[in-house]
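Structure, as C-alpha cells:
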Amino acid sequence: MINRFAMRRSAVVVALVCASLLQGCATRQQPDPFENLNREVFAFNETVDENVLQPVARGYVNVTPEPVRIGVRNFFNNLRDVWSTVNLFLQGRFGEGATAIMRVSMNTTFGLAGLIDIATPMRLERPNEDLGQTLGVWGMGPGAYIVWPFLGPSTARDSFDIPPTFAFGGTMLADGWKAELAITGVNLISLRADLLAAGDLVNDIALDKYAFIRDAYLQRRQNLIHNGEPPDADDDEEEPFVDESKEPEAPAAGSPGASVLPVGLPESALATVVAGPALTAPANVSVHRVMLSVADPEWAFSPAFAEVASAGTATADASRVNTGEVLRQGLPEPVLAR
C-alpha cells in the first residue's frame with residue numbers, strides 16, 4: 001500500500017511543477033490563454049454544483065440550526081486564520097501578524113477551539129492571506145487563469161496555495177483518509193451554503209457567467225495583494241502633462257540683453273545661468289541699492305545679482321542677501337519663461 005504521505009508529497013510536487021510551467025503563458029492583454037479548456041471545466045463544475053453541491057447545501061441550511069452553522073464556520077475560519085498568520089509574517093507584516101496571533105489564541109482558548117468568534121467583537125479583525133498573495137507581494141505575476149475541477153477559479157500563482165489550503169482546512173487534524181474526506185466535505189458544504197445567495201445573484205445579472213466570475217476573481221485577487229489599492233497599469237505609460245497654451249514670455253522690447261531661460265532647469269543651474277560669468281562693470285553703469293522682501297520673486301535669485309567691487313569684478317555678498325539687501329547693477333535683467 002502506498003503511503004498516503006508520499007502521495008501527498010507527489011501531488012504537491014506535481015501541482016507546483018504545473019503551476020511553474022503555466023506561469024509564463026499569460027500576458028496582461030490575455031490573462032486566459034486556456035479559455036476553451038477552462039470553459040469546459042467550468043461547465044463540468046457548474047453541473048456538479050447544480051446537481052450535487054447546491055441541493056446538499058440547501059438541505060444543510062434547512063436542517064441545521066443557525067448557531068450550529070455559525071459554529072462550524074467559525075471553527076474552519078479559525079484554522080484558516082493560522083495559515084493567514086503565517087503568510088502575514090512571510091510578507092513582512094509583523095505588526096499585523098502579531099495581532100493575528102492574538103486573534104487565533106483568543107478564539108482557540110476562550111472560544112472553545114474556534115467555535116465561538118470572540119476576537120472580532122474585540123476588534124481583532126480576521127486576516128485573509130494565503131500563499132498566492134504572499135508570492136504576489138514579492139513580485140510574482142499571476143500567470144495564466146486556471147479553472148480546476150471541483151476547486152473552481154485560480155491562477156498559476158494561486159495554485160501554489162492549494163495544498164496548504166487543504167491542510168489548514170481541517171485535514172491536518174484528521175487521522176485516516178475517511179476522516180479527511182468527512183472534514184473536507186463538511187468544510188465544502190459550509191462554504192457553499194454561505195455562497196447560495198451570491199450564486200443566485202450572479203445567475204440573475206451575468207450574461208456570460210464564466211467571463212463574469214473570471215474577471216471578478218482576477219480583480220479581487222489584485223485588490224487583496226495590494227490591500228485594496230492596486231496600482232494603475234497605465235501609470236508608467238503616461239507622459240507628464242504640459243500646458244501648451246502658455247507660451248514663454250518674450251523679452252521686453254528695447255532690452256537687447258534680455259534672455260529666456262528654459263523651463264524646468266534646476267535652481268542651482270538656473271542661478272548659474274542668471275549670474276553668468278564674471279562681469280566687468282562699465283564705468284558709466286550706476287549701482288543702486290534695492291531692498292527685497294521674501295515675497296519678491298527676485299529674492300529667490302538674489303545671489304545672482306552682484307556687487308561691483310573696486311577691482312571691477314562682480315562678486316555676491318551673501319550677508320546682504322540674507323538681510324534682503326541687494327546691490328543691483330544697471331544691467332538688463334533676465335526674463336524667466338513661465
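By convention in this document, the chains of the C-alpha cells carry letters A, B, ... by their order, each chain's residues are numbered from 1, and ligands are numbered from 1 in the order they are shown.
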Got a sec: who's within 12 Å of Ile146 (chain A), counting only C-alpha atoms, leaving out chain neighbours fewer than 2 positions off, as an mmCIF file with C-alpha atoms, in the first residue's frame?
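Final output, part-v7.cif:
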```cif
data_model
loop_
_atom_site.group_PDB
_atom_site.id
_atom_site.type_symbol
_atom_site.label_atom_id
_atom_site.label_comp_id
_atom_site.auth_asym_id
_atom_site.auth_seq_id
_atom_site.Cartn_x
_atom_site.Cartn_y
_atom_site.Cartn_z
ATOM 1 C CA CYS A 18 2.415 22.510 -13.365
ATOM 2 C CA ALA A 19 1.969 25.970 -11.875
ATOM 3 C CA LEU A 22 1.959 27.667 -16.765
ATOM 4 C CA GLN A 23 3.358 30.820 -15.184
ATOM 5 C CA CYS A 25 1.718 31.520 -20.648
ATOM 6 C CA ALA A 26 -0.391 34.577 -19.852
ATOM 7 C CA PRO A 31 -4.786 36.502 -18.889
ATOM 8 C CA ASP A 32 -6.810 33.466 -20.017
ATOM 9 C CA PRO A 33 -4.810 31.631 -22.698
ATOM 10 C CA PHE A 34 -6.596 28.335 -21.943
ATOM 11 C CA GLU A 35 -10.100 29.747 -22.197
ATOM 12 C CA ASN A 36 -11.537 26.892 -24.262
ATOM 13 C CA LEU A 37 -10.339 24.258 -21.805
ATOM 14 C CA ASN A 38 -11.298 26.409 -18.829
ATOM 15 C CA ARG A 39 -14.826 26.810 -20.149
ATOM 16 C CA GLU A 40 -15.201 23.043 -20.412
ATOM 17 C CA VAL A 41 -14.005 22.555 -16.835
ATOM 18 C CA PHE A 42 -16.249 25.425 -15.733
ATOM 19 C CA PRO A 142 -0.454 35.769 -11.542
ATOM 20 C CA GLY A 143 0.260 33.714 -14.637
ATOM 21 C CA ALA A 144 -2.495 32.019 -16.568
ATOM 22 C CA TRP A 148 -9.560 23.458 -11.590
ATOM 23 C CA PRO A 149 -12.077 20.586 -11.486
ATOM 24 C CA LEU A 151 -11.944 23.595 -6.948
ATOM 25 C CA GLY A 152 -13.026 26.395 -9.257
ATOM 26 C CA PRO A 153 -11.137 29.518 -10.404
ATOM 27 C CA SER A 154 -7.472 30.046 -9.717
ATOM 28 C CA THR A 155 -4.270 31.200 -11.392
ATOM 29 C CA ALA A 156 -0.879 29.586 -11.890
ATOM 30 C CA ARG A 157 0.447 31.535 -8.912
ATOM 31 C CA ASP A 158 -2.557 30.865 -6.674
ATOM 32 C CA SER A 159 -2.312 27.147 -7.433
ATOM 33 C CA TYR A 210 -17.766 32.347 -16.979
ATOM 34 C CA ILE A 213 -16.555 35.074 -12.492
ATOM 35 C CA ARG A 214 -13.129 35.176 -14.165
ATOM 36 C CA TYR A 217 -11.790 36.695 -9.383
ATOM 37 C CA LEU A 218 -8.773 38.373 -11.004
#
```
Who sits within 8 Å of region 73-83 of chain A, only C-alpha atoms, same chain under 4 positions skipped, as a ChimeraX atom specification: /A:69,87,100-101,104,107-108,113-117,126-130,164-165,168-170,187,190-191
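The nearest approach to Tyr60 (chain A) among the residues A:Arg221, A:Lys209, A:Arg103, A:Arg192, with only C-alpha atoms taken into account, belongs to A:Arg192.
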How many Å separate CA of Ile183 (chain A) from CA of Thr171 (chain A)? 6.5 Å
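DSSP on the backbone gives strand (DSSP E or B) for these parts of region 55-260 of chain A: Tyr145, Ile146, Val147, Trp148, Gly152, Pro153, Ser154, Thr155 and Val260 of chain A.
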Could you give me the residues within region 53-250 of chain A that DSSP places in helix (DSSP H, G or I), as a compact mmCIF listing (two decimals) with N, CA, C and O atoms, in the first residue's frame?
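Contents of the output file states-v4.txt:
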```txt
# COMPACT_ATOMS: atom_id res chain seq x y z
N LEU A 53 -23.83 19.92 -5.14
CA LEU A 53 -23.47 20.84 -4.07
C LEU A 53 -24.63 21.73 -3.64
O LEU A 53 -24.87 21.90 -2.43
N GLN A 54 -25.30 22.34 -4.58
CA GLN A 54 -26.41 23.22 -4.21
C GLN A 54 -27.52 22.51 -3.45
O GLN A 54 -27.96 23.00 -2.40
N PRO A 55 -28.01 21.36 -3.93
CA PRO A 55 -29.05 20.67 -3.15
C PRO A 55 -28.59 20.29 -1.75
O PRO A 55 -29.35 20.43 -0.78
N VAL A 56 -27.34 19.81 -1.63
CA VAL A 56 -26.84 19.44 -0.31
C VAL A 56 -26.70 20.67 0.58
O VAL A 56 -27.03 20.64 1.78
N ALA A 57 -26.21 21.77 0.01
CA ALA A 57 -26.04 23.00 0.80
C ALA A 57 -27.39 23.54 1.27
O ALA A 57 -27.54 23.99 2.41
N ARG A 58 -28.40 23.50 0.39
CA ARG A 58 -29.73 23.98 0.79
C ARG A 58 -30.33 23.07 1.87
O ARG A 58 -30.96 23.56 2.82
N GLY A 59 -30.12 21.77 1.74
CA GLY A 59 -30.59 20.88 2.79
C GLY A 59 -29.87 21.12 4.10
O GLY A 59 -30.48 21.06 5.17
N TYR A 60 -28.57 21.41 4.02
CA TYR A 60 -27.79 21.71 5.22
C TYR A 60 -28.33 22.96 5.92
O TYR A 60 -28.45 22.99 7.15
N VAL A 61 -28.70 23.97 5.14
CA VAL A 61 -29.24 25.20 5.72
C VAL A 61 -30.61 24.94 6.34
O VAL A 61 -30.94 25.46 7.42
N ASN A 62 -31.43 24.14 5.68
CA ASN A 62 -32.79 23.89 6.17
C ASN A 62 -32.82 23.00 7.40
O ASN A 62 -33.69 23.16 8.28
N VAL A 63 -31.85 22.10 7.51
CA VAL A 63 -31.88 21.12 8.61
C VAL A 63 -31.07 21.60 9.82
O VAL A 63 -31.49 21.40 10.97
N GLU A 66 -29.09 27.55 12.90
CA GLU A 66 -28.12 28.61 12.58
C GLU A 66 -26.95 28.67 13.55
O GLU A 66 -25.81 28.85 13.12
N PRO A 67 -27.15 28.54 14.88
CA PRO A 67 -25.99 28.56 15.78
C PRO A 67 -24.97 27.46 15.46
O PRO A 67 -23.76 27.68 15.58
N VAL A 68 -25.47 26.30 15.05
CA VAL A 68 -24.54 25.22 14.69
C VAL A 68 -23.78 25.58 13.43
O VAL A 68 -22.56 25.36 13.33
N ARG A 69 -24.47 26.14 12.44
CA ARG A 69 -23.79 26.55 11.20
C ARG A 69 -22.74 27.61 11.48
O ARG A 69 -21.65 27.59 10.89
N ILE A 70 -23.07 28.54 12.35
CA ILE A 70 -22.10 29.59 12.70
C ILE A 70 -20.89 28.99 13.40
O ILE A 70 -19.74 29.37 13.15
N GLY A 71 -21.13 28.03 14.30
CA GLY A 71 -20.02 27.38 14.99
C GLY A 71 -19.11 26.62 14.04
O GLY A 71 -17.88 26.68 14.16
N VAL A 72 -19.70 25.91 13.08
CA VAL A 72 -18.89 25.18 12.08
C VAL A 72 -18.07 26.17 11.26
O VAL A 72 -16.88 25.96 11.00
N ARG A 73 -18.71 27.25 10.83
CA ARG A 73 -18.00 28.26 10.04
C ARG A 73 -16.85 28.87 10.85
O ARG A 73 -15.74 29.03 10.33
N ASN A 74 -17.11 29.19 12.11
CA ASN A 74 -16.05 29.78 12.94
C ASN A 74 -14.89 28.82 13.16
O ASN A 74 -13.72 29.24 13.19
N PHE A 75 -15.19 27.53 13.30
CA PHE A 75 -14.14 26.55 13.52
C PHE A 75 -13.18 26.50 12.33
O PHE A 75 -11.95 26.55 12.50
N PHE A 76 -13.73 26.39 11.13
CA PHE A 76 -12.87 26.32 9.95
C PHE A 76 -12.19 27.67 9.68
O PHE A 76 -11.05 27.70 9.19
N ASN A 77 -12.86 28.77 9.97
CA ASN A 77 -12.22 30.08 9.81
C ASN A 77 -11.03 30.23 10.75
O ASN A 77 -10.01 30.83 10.38
N ASN A 78 -11.14 29.67 11.94
CA ASN A 78 -10.04 29.76 12.89
C ASN A 78 -8.83 28.98 12.39
O ASN A 78 -7.68 29.42 12.55
N LEU A 79 -9.06 27.84 11.75
CA LEU A 79 -7.95 27.09 11.16
C LEU A 79 -7.31 27.88 10.02
O LEU A 79 -6.08 27.91 9.88
N ARG A 80 -8.14 28.51 9.19
CA ARG A 80 -7.58 29.32 8.09
C ARG A 80 -6.84 30.54 8.62
O ARG A 80 -5.90 31.03 7.97
N ASP A 81 -7.26 31.05 9.78
CA ASP A 81 -6.55 32.19 10.36
C ASP A 81 -5.11 31.84 10.70
O ASP A 81 -4.22 32.71 10.65
N VAL A 82 -4.86 30.58 11.05
CA VAL A 82 -3.48 30.16 11.34
C VAL A 82 -2.62 30.30 10.10
O VAL A 82 -1.50 30.84 10.14
N TRP A 83 -3.12 29.85 8.95
CA TRP A 83 -2.38 29.97 7.70
C TRP A 83 -2.25 31.43 7.27
O TRP A 83 -1.21 31.84 6.74
N SER A 84 -3.27 32.23 7.51
CA SER A 84 -3.18 33.66 7.20
C SER A 84 -2.11 34.33 8.05
O SER A 84 -1.37 35.19 7.56
N THR A 85 -2.01 33.92 9.30
CA THR A 85 -0.99 34.49 10.19
C THR A 85 0.41 34.17 9.68
O THR A 85 1.30 35.04 9.66
N VAL A 86 0.61 32.94 9.25
CA VAL A 86 1.92 32.56 8.70
C VAL A 86 2.27 33.43 7.49
O VAL A 86 3.40 33.92 7.35
N ASN A 87 1.30 33.67 6.62
CA ASN A 87 1.56 34.47 5.42
C ASN A 87 1.79 35.94 5.75
O ASN A 87 2.52 36.62 5.02
N LEU A 88 1.17 36.44 6.79
CA LEU A 88 1.45 37.82 7.19
C LEU A 88 2.92 37.99 7.56
O LEU A 88 3.57 38.97 7.18
N PHE A 89 3.47 37.03 8.28
CA PHE A 89 4.90 37.10 8.62
C PHE A 89 5.77 36.90 7.38
O PHE A 89 6.81 37.55 7.25
N LEU A 90 5.34 36.03 6.47
CA LEU A 90 6.11 35.83 5.24
C LEU A 90 6.12 37.10 4.38
O LEU A 90 7.07 37.33 3.63
N PHE A 94 4.77 42.26 10.26
CA PHE A 94 4.92 41.65 11.58
C PHE A 94 3.91 42.20 12.60
O PHE A 94 3.46 41.45 13.47
N GLY A 95 3.57 43.46 12.49
CA GLY A 95 2.58 44.01 13.41
C GLY A 95 1.22 43.35 13.24
O GLY A 95 0.57 42.95 14.22
N GLU A 96 0.79 43.21 11.97
CA GLU A 96 -0.49 42.55 11.72
C GLU A 96 -0.41 41.07 12.06
O GLU A 96 -1.39 40.46 12.49
N GLY A 97 0.77 40.47 11.88
CA GLY A 97 0.94 39.07 12.24
C GLY A 97 0.80 38.85 13.74
O GLY A 97 0.20 37.87 14.18
N ALA A 98 1.34 39.78 14.54
CA ALA A 98 1.19 39.67 15.99
C ALA A 98 -0.28 39.79 16.40
O ALA A 98 -0.76 39.07 17.29
N THR A 99 -1.01 40.70 15.73
CA THR A 99 -2.44 40.83 16.01
C THR A 99 -3.19 39.56 15.64
O THR A 99 -4.10 39.11 16.35
N ALA A 100 -2.80 38.94 14.53
CA ALA A 100 -3.44 37.69 14.11
C ALA A 100 -3.16 36.56 15.10
O ALA A 100 -4.02 35.72 15.34
N ILE A 101 -1.95 36.54 15.68
CA ILE A 101 -1.65 35.53 16.70
C ILE A 101 -2.56 35.72 17.91
O ILE A 101 -3.08 34.73 18.46
N MET A 102 -2.78 36.95 18.29
CA MET A 102 -3.68 37.21 19.42
C MET A 102 -5.10 36.74 19.09
O MET A 102 -5.79 36.17 19.94
N ARG A 103 -5.52 36.97 17.84
CA ARG A 103 -6.87 36.55 17.45
C ARG A 103 -7.03 35.04 17.54
O ARG A 103 -7.99 34.52 18.12
N VAL A 104 -6.07 34.31 16.95
CA VAL A 104 -6.15 32.85 16.97
C VAL A 104 -6.08 32.32 18.40
O VAL A 104 -6.81 31.39 18.77
N SER A 105 -5.22 32.93 19.21
CA SER A 105 -5.08 32.47 20.59
C SER A 105 -6.38 32.67 21.37
O SER A 105 -6.81 31.78 22.12
N MET A 106 -7.01 33.83 21.21
CA MET A 106 -8.25 34.11 21.93
C MET A 106 -9.37 33.17 21.50
O MET A 106 -10.09 32.60 22.33
N ASN A 107 -9.52 32.98 20.19
CA ASN A 107 -10.60 32.11 19.70
C ASN A 107 -10.35 30.65 20.02
O ASN A 107 -11.30 29.89 20.26
N THR A 108 -9.08 30.24 20.02
CA THR A 108 -8.79 28.83 20.30
C THR A 108 -8.98 28.48 21.77
O THR A 108 -9.49 27.40 22.11
N THR A 109 -8.58 29.39 22.65
CA THR A 109 -8.66 29.11 24.09
C THR A 109 -10.03 29.46 24.66
O THR A 109 -10.76 28.60 25.15
N LEU A 131 -0.88 31.87 0.37
CA LEU A 131 0.43 31.81 -0.28
C LEU A 131 0.42 32.52 -1.62
O LEU A 131 1.43 33.11 -2.03
N GLY A 132 -0.70 32.49 -2.34
CA GLY A 132 -0.78 33.21 -3.61
C GLY A 132 -0.58 34.70 -3.42
O GLY A 132 0.13 35.35 -4.20
N GLN A 133 -1.17 35.27 -2.37
CA GLN A 133 -0.97 36.69 -2.09
C GLN A 133 0.46 36.97 -1.68
O GLN A 133 1.04 38.00 -2.07
N THR A 134 1.05 36.07 -0.90
CA THR A 134 2.43 36.27 -0.48
C THR A 134 3.38 36.29 -1.68
O THR A 134 4.26 37.16 -1.78
N LEU A 135 3.19 35.36 -2.60
CA LEU A 135 4.02 35.35 -3.80
C LEU A 135 3.79 36.61 -4.64
O LEU A 135 4.72 37.15 -5.24
N GLY A 136 2.55 37.09 -4.68
CA GLY A 136 2.26 38.32 -5.40
C GLY A 136 2.91 39.52 -4.77
O GLY A 136 3.40 40.43 -5.46
N VAL A 137 2.93 39.57 -3.43
CA VAL A 137 3.58 40.68 -2.73
C VAL A 137 5.07 40.73 -3.07
O VAL A 137 5.65 41.81 -3.21
N ASP A 158 -1.70 31.24 -7.80
CA ASP A 158 -2.56 30.87 -6.67
C ASP A 158 -2.66 29.36 -6.51
O ASP A 158 -3.06 28.88 -5.44
N SER A 159 -2.27 28.61 -7.55
CA SER A 159 -2.31 27.15 -7.43
C SER A 159 -1.30 26.63 -6.42
O SER A 159 -1.47 25.53 -5.89
N PHE A 160 -0.27 27.40 -6.15
CA PHE A 160 0.68 27.01 -5.11
C PHE A 160 0.01 26.91 -3.74
O PHE A 160 0.51 26.24 -2.84
N ASP A 161 -1.10 27.59 -3.57
CA ASP A 161 -1.77 27.62 -2.26
C ASP A 161 -2.76 26.48 -2.07
O ASP A 161 -3.30 26.33 -0.99
N ILE A 162 -2.99 25.66 -3.09
CA ILE A 162 -3.99 24.61 -2.98
C ILE A 162 -3.62 23.58 -1.90
O ILE A 162 -4.45 23.25 -1.04
N PRO A 163 -2.39 23.03 -1.89
CA PRO A 163 -2.06 22.04 -0.85
C PRO A 163 -2.17 22.59 0.57
O PRO A 163 -2.82 21.95 1.42
N PRO A 164 -1.59 23.76 0.91
CA PRO A 164 -1.76 24.24 2.28
C PRO A 164 -3.19 24.63 2.62
O PRO A 164 -3.59 24.54 3.79
N THR A 165 -3.98 25.02 1.63
CA THR A 165 -5.38 25.32 1.89
C THR A 165 -6.12 24.07 2.36
O THR A 165 -6.93 24.12 3.30
N PHE A 166 -5.84 22.96 1.73
CA PHE A 166 -6.44 21.70 2.18
C PHE A 166 -5.95 21.33 3.58
O PHE A 166 -6.71 20.87 4.43
N ALA A 167 -4.64 21.53 3.81
CA ALA A 167 -4.08 21.16 5.11
C ALA A 167 -4.70 21.98 6.24
O ALA A 167 -5.07 21.44 7.30
N THR A 171 -7.92 18.98 7.32
CA THR A 171 -7.39 17.65 7.05
C THR A 171 -6.17 17.32 7.90
O THR A 171 -5.88 16.15 8.15
N MET A 172 -5.44 18.36 8.35
CA MET A 172 -4.27 18.09 9.18
C MET A 172 -4.66 17.55 10.55
O MET A 172 -3.83 17.00 11.28
N LEU A 173 -5.92 17.72 10.94
CA LEU A 173 -6.40 17.21 12.22
C LEU A 173 -6.98 15.80 12.10
O LEU A 173 -7.30 15.18 13.12
N TRP A 177 -7.88 8.55 5.77
CA TRP A 177 -8.47 9.22 4.62
C TRP A 177 -9.98 9.40 4.76
O TRP A 177 -10.55 10.35 4.22
N LYS A 178 -10.63 8.51 5.50
CA LYS A 178 -12.07 8.67 5.70
C LYS A 178 -12.38 9.92 6.51
O LYS A 178 -13.31 10.67 6.19
N ALA A 179 -11.59 10.15 7.56
CA ALA A 179 -11.79 11.35 8.37
C ALA A 179 -11.46 12.60 7.56
O ALA A 179 -12.14 13.63 7.67
N GLU A 180 -10.40 12.52 6.74
CA GLU A 180 -10.06 13.66 5.89
C GLU A 180 -11.19 13.97 4.92
O GLU A 180 -11.55 15.14 4.73
N LEU A 181 -11.76 12.95 4.33
CA LEU A 181 -12.85 13.15 3.38
C LEU A 181 -14.08 13.75 4.06
O LEU A 181 -14.73 14.65 3.52
N ALA A 182 -14.36 13.29 5.27
CA ALA A 182 -15.53 13.80 6.00
C ALA A 182 -15.33 15.27 6.38
O ALA A 182 -16.24 16.09 6.20
N ILE A 183 -14.16 15.62 6.87
CA ILE A 183 -13.89 17.01 7.27
C ILE A 183 -13.91 17.92 6.04
O ILE A 183 -14.48 19.02 6.07
N THR A 184 -13.30 17.46 4.94
CA THR A 184 -13.31 18.26 3.71
C THR A 184 -14.72 18.46 3.21
O THR A 184 -15.08 19.55 2.75
N GLY A 185 -15.56 17.42 3.29
CA GLY A 185 -16.94 17.55 2.85
C GLY A 185 -17.73 18.54 3.68
O GLY A 185 -18.48 19.36 3.13
N VAL A 186 -17.57 18.48 5.00
CA VAL A 186 -18.28 19.43 5.86
C VAL A 186 -17.82 20.86 5.58
O VAL A 186 -18.64 21.80 5.52
N ASN A 187 -16.52 21.04 5.41
CA ASN A 187 -15.98 22.37 5.12
C ASN A 187 -16.53 22.89 3.80
O ASN A 187 -16.94 24.05 3.68
N LEU A 188 -16.56 22.06 2.78
CA LEU A 188 -17.05 22.46 1.46
C LEU A 188 -18.53 22.80 1.50
O LEU A 188 -18.96 23.81 0.91
N ILE A 189 -19.32 22.00 2.20
CA ILE A 189 -20.76 22.27 2.29
C ILE A 189 -21.01 23.57 3.05
O ILE A 189 -21.88 24.37 2.67
N SER A 190 -20.23 23.81 4.11
CA SER A 190 -20.38 25.06 4.86
C SER A 190 -20.06 26.27 3.99
O SER A 190 -20.78 27.28 4.00
N LEU A 191 -18.98 26.17 3.22
CA LEU A 191 -18.62 27.27 2.33
C LEU A 191 -19.68 27.50 1.26
O LEU A 191 -20.05 28.64 0.95
N ARG A 192 -20.18 26.40 0.69
CA ARG A 192 -21.19 26.53 -0.38
C ARG A 192 -22.50 27.09 0.16
O ARG A 192 -23.19 27.85 -0.53
N ALA A 193 -22.83 26.75 1.39
CA ALA A 193 -24.06 27.29 1.99
C ALA A 193 -23.97 28.80 2.17
O ALA A 193 -24.97 29.52 2.00
N ASP A 194 -22.77 29.30 2.47
CA ASP A 194 -22.60 30.75 2.63
C ASP A 194 -22.68 31.49 1.31
O ASP A 194 -22.87 32.71 1.29
N LEU A 196 -24.80 30.68 -1.29
CA LEU A 196 -26.04 30.41 -2.02
C LEU A 196 -26.64 31.69 -2.58
O LEU A 196 -27.02 31.77 -3.75
N ALA A 197 -26.73 32.73 -1.75
CA ALA A 197 -27.33 33.99 -2.19
C ALA A 197 -26.48 34.64 -3.28
O ALA A 197 -27.00 35.18 -4.26
N ALA A 198 -25.15 34.58 -3.12
CA ALA A 198 -24.27 35.18 -4.12
C ALA A 198 -24.39 34.45 -5.45
O ALA A 198 -24.38 35.08 -6.52
N GLY A 199 -24.52 33.14 -5.41
CA GLY A 199 -24.67 32.38 -6.65
C GLY A 199 -25.95 32.72 -7.38
O GLY A 199 -25.97 32.84 -8.61
N ASP A 200 -27.03 32.91 -6.63
CA ASP A 200 -28.29 33.30 -7.27
C ASP A 200 -28.17 34.68 -7.91
O ASP A 200 -28.73 34.93 -8.99
N LEU A 201 -27.46 35.58 -7.25
CA LEU A 201 -27.28 36.93 -7.80
C LEU A 201 -26.49 36.90 -9.10
O LEU A 201 -26.84 37.59 -10.07
N VAL A 202 -25.43 36.11 -9.15
CA VAL A 202 -24.63 36.01 -10.37
C VAL A 202 -25.45 35.44 -11.51
O VAL A 202 -25.37 35.91 -12.66
N ASN A 203 -26.27 34.46 -11.21
CA ASN A 203 -27.12 33.88 -12.26
C ASN A 203 -28.10 34.89 -12.83
O ASN A 203 -28.45 34.84 -14.01
N ASP A 204 -28.51 35.85 -12.01
CA ASP A 204 -29.51 36.83 -12.46
C ASP A 204 -28.89 37.95 -13.29
O ASP A 204 -29.54 38.48 -14.20
N ILE A 205 -27.65 38.35 -12.97
CA ILE A 205 -27.11 39.56 -13.59
C ILE A 205 -26.06 39.28 -14.67
O ILE A 205 -25.77 40.16 -15.48
N LYS A 209 -21.59 34.02 -17.55
CA LYS A 209 -21.21 33.72 -16.17
C LYS A 209 -19.73 33.40 -16.05
O LYS A 209 -19.07 33.79 -15.08
N TYR A 210 -19.19 32.70 -17.02
CA TYR A 210 -17.77 32.35 -16.98
C TYR A 210 -16.90 33.61 -16.97
O TYR A 210 -16.01 33.77 -16.13
N ALA A 211 -17.15 34.53 -17.92
CA ALA A 211 -16.36 35.76 -18.00
C ALA A 211 -16.56 36.62 -16.76
O ALA A 211 -15.60 37.25 -16.28
N PHE A 212 -17.78 36.65 -16.25
CA PHE A 212 -18.06 37.46 -15.06
C PHE A 212 -17.26 36.95 -13.86
O PHE A 212 -16.62 37.74 -13.15
N ILE A 213 -17.28 35.64 -13.63
CA ILE A 213 -16.55 35.07 -12.49
C ILE A 213 -15.05 35.22 -12.69
O ILE A 213 -14.31 35.53 -11.74
N ARG A 214 -14.57 35.03 -13.91
CA ARG A 214 -13.13 35.18 -14.17
C ARG A 214 -12.66 36.60 -13.86
O ARG A 214 -11.68 36.79 -13.13
N ASP A 215 -13.34 37.60 -14.41
CA ASP A 215 -12.93 38.98 -14.19
C ASP A 215 -13.05 39.38 -12.72
O ASP A 215 -12.18 40.07 -12.18
N ALA A 216 -14.12 38.93 -12.07
CA ALA A 216 -14.30 39.25 -10.66
C ALA A 216 -13.20 38.61 -9.82
O ALA A 216 -12.67 39.23 -8.89
N TYR A 217 -12.84 37.39 -10.14
CA TYR A 217 -11.79 36.69 -9.38
C TYR A 217 -10.45 37.40 -9.54
O TYR A 217 -9.74 37.65 -8.55
N LEU A 218 -10.07 37.73 -10.77
CA LEU A 218 -8.77 38.37 -11.00
C LEU A 218 -8.70 39.74 -10.35
O LEU A 218 -7.67 40.11 -9.77
N GLN A 219 -9.78 40.51 -10.41
CA GLN A 219 -9.78 41.83 -9.78
C GLN A 219 -9.71 41.71 -8.26
O GLN A 219 -9.01 42.48 -7.59
N ARG A 220 -10.43 40.76 -7.72
CA ARG A 220 -10.40 40.58 -6.26
C ARG A 220 -9.01 40.17 -5.78
O ARG A 220 -8.52 40.68 -4.77
N ARG A 221 -8.37 39.26 -6.51
CA ARG A 221 -7.02 38.86 -6.11
C ARG A 221 -6.04 40.01 -6.19
O ARG A 221 -5.17 40.16 -5.33
N GLN A 222 -6.18 40.85 -7.20
CA GLN A 222 -5.31 42.01 -7.33
C GLN A 222 -5.52 42.96 -6.15
O GLN A 222 -4.56 43.51 -5.60
N ASN A 223 -6.76 43.16 -5.75
CA ASN A 223 -7.05 44.03 -4.61
C ASN A 223 -6.51 43.45 -3.32
O ASN A 223 -6.00 44.18 -2.46
N LEU A 224 -6.61 42.14 -3.14
CA LEU A 224 -6.12 41.52 -1.92
C LEU A 224 -4.60 41.63 -1.81
O LEU A 224 -4.07 41.89 -0.72
N ILE A 225 -3.91 41.46 -2.92
CA ILE A 225 -2.44 41.54 -2.89
C ILE A 225 -1.98 42.93 -2.52
O ILE A 225 -1.02 43.11 -1.77
```
State, in Å with one decimal place, the distance from CA of Arg28 (chain A) to CA of Gly141 (chain A).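 Between these atoms lies a distance of 9.9 Å.
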